[in-house]
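Reviewing the structure listed below.
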Amino acid sequence: MPLHDVGYRTWQGHRRGPWSAAVAIATTGTKLAWTSRWLRRAVFFAWSPALFFAASFFAFEQAIDEGRITSLQERAARGSNLDGIGLLGTILADTLGRSDAAQTHVDRDAELVATRRLVWSRLLLAFMRAPQAVLLAVVVGLVAPALISRDLRAKAWLVYFTRPLSGIHYIAGKIAVLATVVAAVTVLPALALWFAGVLVSPSVWVVVETWDLPLRIVAASVALAIPTVLVALAYSSLTAESRIASFAWFATWAACWIAHSSLATADYVAAMDAHATAVADGLESDDDDWRPPPRRVNWVARAAGVDTTIDRWSWVSPYHAIGVIQAWIFGVETRPEAYVPPLIAMIVVSLVSIVVLAWRVTAPLRA
Amino acid sequence: MIAADDVPARLEGIVKRYGRRTVLDRVTCDVPPGITGLVGPNGAGKSTLVRAMLGLVRLAAGEVRIYGHDPTRNPRAVRQLVGVVPEDECAIPGLAAVEMVRYAARLSGLPGTEALRRAHEVLDWCDAGQERYRPVETLSVGMRQKVAFAAAIVHDPRMVILDEPTNGLDPIERRAMLGRLTTLAHDHGKTVFVSTHVLPDVQAICDRVIVLAAGRVRLEGRLDELTRPVAPQLRLEITGSVAACLDRLAAVGIRGRRLDDDTLHLPVQDAAGLERLWQATRAAGVVVRALTPVQERFEDVFLRAIAQPQEAAHAAS
């Protein structure tokens with residue numbers, strides 16, 4: 001018998017409630033997930049787009065500091081192209097072009113604050129929609145499929161359900177694992193980006209002007225996380241083979257994206273045909289520059305909220321639906337007809353996922 | 001019957017059906033303090049009975065009480081008091097043995113540091129300390145069984161339920177495991193409920209036995225009572241002539257039965273018979289090496305119990 005073997009001893013300490021079990025599930029699940037080399041690489045890579053966006057923040061604040069914002073504003077108002085500085089140029093052209101402050105010079109500081117808020121919001125929105133949402137889909141696809149299916153395969157549900165915790169605590173623990181991943185991929189880089197914007201701005205009073213943006217970042221991340229995490233866990237609970245859950249996850253994103261593109265293209269073709277017919281009938285003039293609005297903007301511009309057309313098929317694709325909801329959260333999209341359908345779609349998807357998840361997780365207990 | 005307050009687990013007329021198949025049919029039994037064995041052939045309903053005690057299956061009828069708590073209505077209270085070694089190997093792949101046991105402790109509500117201390121302590125006690133840092137999926141079957149046992153007792157439950165606890169253990173480890181169960185029951189006052197089909201394990205450690213077959217309780221009671229023959233007999237081991245001894249015994253009215261060259265079974269029931277037995281052996285000139293009460297083998301009792309027709313068995317139970 002080893003020297004340190006003290007035999008069996010009773011334990012009289014205070015036991016914590018079932019939510020401490022949920023915390024244990026979350027911490028252990030995160031630790032196990034982090035052992036994946038691919039996950040570590042993906043999370044590291046997820047921070048790299050922040051560098052590009054940080055440069056955009058710097059360029060914008062530098063323009064303000066050097067007093068060039070008014071000239072940019074005037075150029076944008078005249079319709080001049082500002083795309084020379086990339087995404088920032090697109091956002092600036094759209095933001096400043098709609099302003100008449102350059103002409104009036106009335107209350108310029110207030111106008112600058114509003115411009116900064118809109119530019120920062122659009123940059124953060126573009127950051128969260130374009131690289132981070134896609135990266136999040138990849139990262140969740142790496143982590144989530146194994147979370148419940150592995151327990152099913154290893155018959156580990158008895159480890160949990162012979163202990164004083166319920167299905168709710170189990171599911172909460174698993175959700176917390178993914179919430180941690182979501183935070184690592186979206187919330188933390190976006191908050192770091194906002195902080196970088198504060199650091200490169202001329203005055204720390206920018207914090208007061210943009211105090212709500214960190215809250216909007218968290219809210220946008222929650223909007224992104226809830227449907228994605230629940231769908232991924234629901235898939236994981238449906239099979240003991242994590243590969244199948246992985247395939248279903250990526251297939252869903254791809255299929256929905258393709259479906260959205262197909263429907264948008266069908267709309268485009270129908271509009272083209274209607275326009276051609278109208279021209280032939282002499283009801284409209286044949287303008288070479290004419291294009292139906294949804295095809296006139298590129299993906300990044302739409303991600304940044306520069307596109308003002310309403311994407312009526314956004315609810316079909318999780319990526320596009322969540323993007324519209326995030327634009328609403330950042331105050332970039334304010335039209336109910338644009339954000340209500342995706343909002344309803346994502347709420348329905350989340351509820352269905354919760355039902356599937358609860359049904360599958362408690363299945364052994366309903367035998 | 002034992003007073004209700006003293007019974008850690010009480011099952012009253014429980015019925016469980018899977019579709020049209022009745023797995024547990026009006027099962028009524030008590031699990032008192034000490035070590036109780038649940039034995040039965042494969043498919044008897046043992047694992048379902050264990051799950052019913054934990055509230056892991058829905059019952060068609062009947063009631064289960066664990067320390068007065070209903071496991072279906074108040075599963076948390078029951079699972080605080082109970083530690084379980086399931087029949088299936090269940091572990092979290094990727095965790096080391098000590099992490100697995102610590103995880104089990106934390107799921108039972110132990111604070112992090114205490115959970116780690118207890119995990120090391122029980123792994124040492126279960127003689128699994130040397131493998132504590134190896135991932136559970138790489139452990140041998142026997143070592144995994146020890147880790148599962150450690151995980152079941154890490155939160156110091158009042159009752160330990162074990163489903164086939166000696167599966168995959170070599171004879172030495174098996175004996176050690178049975179010793180641990182005895183220690184828990186007799187030195188630490190735990191109630192141990194062992195579901196198994198290994199009859200020697202039951203005979204080695206159990207105070208009480210429930211025989212289950214085809215979903216019904218065929219036999220229930222203290223092991224020493226169940227293995228006592230209907231007509232009390234003594235086993236006499238001698239050195240000397242067995243034939244002469246039998247003659248002398250017959251002369252004093254004791255009709256013995258010869259088992260082998262030095263062993264007899266004698267139907268002696270009282271002090272007067274014992275006195276006559278001593279006189280006969282002295283007269284026969286044999287040396288008495290041992291005189292012990294005859295116990296039936298539990299295996300024979302078990303086989304008789306499960307061989308009963310179902311209706312007769314149900315009427316008896």
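Naming scheme: A, B, ... for chains in displayed order of the structure tokens; residues 1 onward per chain; ligands 1 onward as shown.
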
Closest atom pairs, chain A residues within 7 Å of chain B, only C-alpha atoms, as a Markdown table:
```
| residue | atom | partner | partner_atom | distance |
| --- | --- | --- | --- | --- |
| A:Asp5 | CA | B:Asp124 | CA | 5.5 |
| A:Gly7 | CA | B:Trp125 | CA | 5.2 |
| A:Tyr8 | CA | B:Trp125 | CA | 6.2 |
| A:Thr10 | CA | B:Asp156 | CA | 5.9 |
| A:Trp11 | CA | B:Asp156 | CA | 5.8 |
| A:Arg15 | CA | B:Gly109 | CA | 4.8 |
| A:Arg16 | CA | B:Gly109 | CA | 4.5 |
| A:Gly17 | CA | B:Gly109 | CA | 6.1 |
| A:Pro18 | CA | B:Gly109 | CA | 6.8 |
| A:Ser20 | CA | B:Gly109 | CA | 6.5 |
| A:Ala21 | CA | B:Leu107 | CA | 4.4 |
| A:Ala24 | CA | B:Arg106 | CA | 6.3 |
| A:Leu32 | CA | B:Gly94 | CA | 6.7 |
| A:Ala154 | CA | B:Cys90 | CA | 5.7 |
| A:Lys155 | CA | B:Cys90 | CA | 5.1 |
| A:Ala156 | CA | B:Cys90 | CA | 4.8 |
| A:Leu158 | CA | B:Cys90 | CA | 7.0 |
| A:Val159 | CA | B:Cys90 | CA | 6.8 |
| A:Thr162 | CA | B:Arg79 | CA | 6.1 |
| A:Arg163 | CA | B:Arg79 | CA | 5.3 |
| A:Pro164 | CA | B:Arg76 | CA | 4.3 |
| A:Leu165 | CA | B:Arg76 | CA | 6.4 |
| A:Leu365 | CA | B:Leu56 | CA | 4.9 |
| A:Arg366 | CA | B:Val57 | CA | 6.1 |
| A:Ala367 | CA | B:Val57 | CA | 5.3 |
```

Kindly export the residues of the current selection with C-alpha atoms, as a JSON list (two decimals), in the first residue's frame.
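The resulting selection.json:
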```
[["chain", "number", "residue", "atom", "x", "y", "z"],
["A", 5, "ASP", "CA", -2.99, 5.79, 0.67],
["A", 7, "GLY", "CA", -7.85, 4.38, 2.92],
["A", 8, "TYR", "CA", -11.45, 5.29, 2.39],
["A", 10, "THR", "CA", -15.95, 9.93, 4.51],
["A", 11, "TRP", "CA", -16.55, 13.45, 3.21],
["A", 15, "ARG", "CA", -22.08, 20.41, -1.86],
["A", 16, "ARG", "CA", -22.82, 22.99, -4.50],
["A", 17, "GLY", "CA", -25.98, 23.16, -6.58],
["A", 18, "PRO", "CA", -26.53, 21.65, -10.02],
["A", 20, "SER", "CA", -21.84, 24.05, -10.58],
["A", 21, "ALA", "CA", -22.18, 20.79, -12.53],
["A", 24, "ALA", "CA", -17.89, 21.66, -14.70],
["A", 32, "LEU", "CA", -11.22, 18.83, -24.27],
["A", 154, "ALA", "CA", -19.18, 6.40, -25.18],
["A", 155, "LYS", "CA", -22.47, 5.81, -23.31],
["A", 156, "ALA", "CA", -21.31, 8.64, -21.10],
["A", 158, "LEU", "CA", -24.84, 7.62, -17.42],
["A", 159, "VAL", "CA", -21.89, 9.63, -16.10],
["A", 162, "THR", "CA", -26.63, 9.23, -12.34],
["A", 163, "ARG", "CA", -25.51, 12.54, -10.80],
["A", 164, "PRO", "CA", -27.64, 15.27, -9.26],
["A", 165, "LEU", "CA", -28.17, 17.28, -12.44],
["A", 365, "LEU", "CA", -34.60, 8.98, -19.32],
["A", 366, "ARG", "CA", -37.89, 8.41, -21.11],
["A", 367, "ALA", "CA", -37.21, 4.71, -21.82]]
```

List the neighbours of Phe298 (chain B) out to 12 Å using only C-alpha atoms; skip same-chain residues closer than 4 positions along the sequence, and give me the result as a VMD selection string. chain B and resid 37 39 198 to 204 206 208 to 211 219 222 to 229 302 to 305

Take the residues from that selection and write them out as a PDB file, in the first residue's frame, keeping C-alpha atoms.
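Output below, filename part_26.pdb:
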```pdb
ATOM      1  CA  GLY B  37     -27.087  -8.954  -3.953  1.00  0.00           C
ATOM      2  CA  VAL B  39     -28.978 -12.047  -8.873  1.00  0.00           C
ATOM      3  CA  VAL B 198     -21.656 -14.244 -10.574  1.00  0.00           C
ATOM      4  CA  LEU B 199     -22.969 -16.379  -7.718  1.00  0.00           C
ATOM      5  CA  PRO B 200     -19.635 -16.894  -5.903  1.00  0.00           C
ATOM      6  CA  ASP B 201     -19.380 -13.087  -5.561  1.00  0.00           C
ATOM      7  CA  VAL B 202     -22.779 -13.030  -3.924  1.00  0.00           C
ATOM      8  CA  GLN B 203     -21.945 -15.869  -1.579  1.00  0.00           C
ATOM      9  CA  ALA B 204     -18.633 -14.221  -0.696  1.00  0.00           C
ATOM     10  CA  CYS B 206     -23.708 -10.495   0.530  1.00  0.00           C
ATOM     11  CA  ARG B 208     -29.003 -10.513   1.793  1.00  0.00           C
ATOM     12  CA  VAL B 209     -30.062 -11.707  -1.646  1.00  0.00           C
ATOM     13  CA  ILE B 210     -32.854 -10.988  -4.095  1.00  0.00           C
ATOM     14  CA  VAL B 211     -33.287 -13.535  -6.867  1.00  0.00           C
ATOM     15  CA  LEU B 219     -36.592 -15.387  -3.663  1.00  0.00           C
ATOM     16  CA  ARG B 222     -30.803 -13.289   4.274  1.00  0.00           C
ATOM     17  CA  LEU B 223     -28.187 -15.445   2.583  1.00  0.00           C
ATOM     18  CA  ASP B 224     -27.592 -17.619   5.669  1.00  0.00           C
ATOM     19  CA  GLU B 225     -31.318 -18.280   5.945  1.00  0.00           C
ATOM     20  CA  LEU B 226     -31.728 -19.086   2.274  1.00  0.00           C
ATOM     21  CA  THR B 227     -28.876 -21.590   2.328  1.00  0.00           C
ATOM     22  CA  ARG B 228     -30.054 -23.308   5.511  1.00  0.00           C
ATOM     23  CA  PRO B 229     -31.468 -26.768   4.688  1.00  0.00           C
ATOM     24  CA  PHE B 302     -30.596 -20.120  -6.994  1.00  0.00           C
ATOM     25  CA  LEU B 303     -31.175 -22.840  -9.582  1.00  0.00           C
ATOM     26  CA  ARG B 304     -34.159 -24.140  -7.636  1.00  0.00           C
ATOM     27  CA  ALA B 305     -35.616 -20.637  -7.393  1.00  0.00           C
TER      28      ALA B 305
END
```

CA of Leu123 (chain A) and CA of Ala303 (chain A) are how many Å apart?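 Computing the Euclidean distance for CA of Leu123 (chain A) and CA of Ala303 (chain A) yields 9.4 Å.
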
If you run DSSP on the backbone here, which positions in region 205-287 of chain B get alpha helix (DSSP H)? Please write them as a ChimeraX atom specification. /B:205,223-226,242-251,271-284

Within 10 Å of Pro341 (chain A), counting only C-alpha atoms, which residues qualify if same-chain residues fewer than 2 places away don't, as a list in words?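 Contacts, in chain order: Arg312, Trp313, Ser314, Trp315, Val316, Ala321, Val324, Ile325, Pro336, Glu337, Ala338, Tyr339, Leu343, Ile344, Ala345, Met346 and Ile347 of chain A.
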
Shell around Val288 (chain B) at 8 Å using only C-alpha atoms, local window under 3 positions removed, as a PyMOL selection string: chain B and resi 236-239+281+291

Determine which residues of region 76-182 of chain B DSSP labels as strand (DSSP E) from the backbone of this structure, then write them out as a list in words.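 Output for region 76-182 of chain B, strand (DSSP E) only: Val82, Gly83, Val84, Val85, Met159, Val160, Ile161, Leu162 and Asp163 of chain B.
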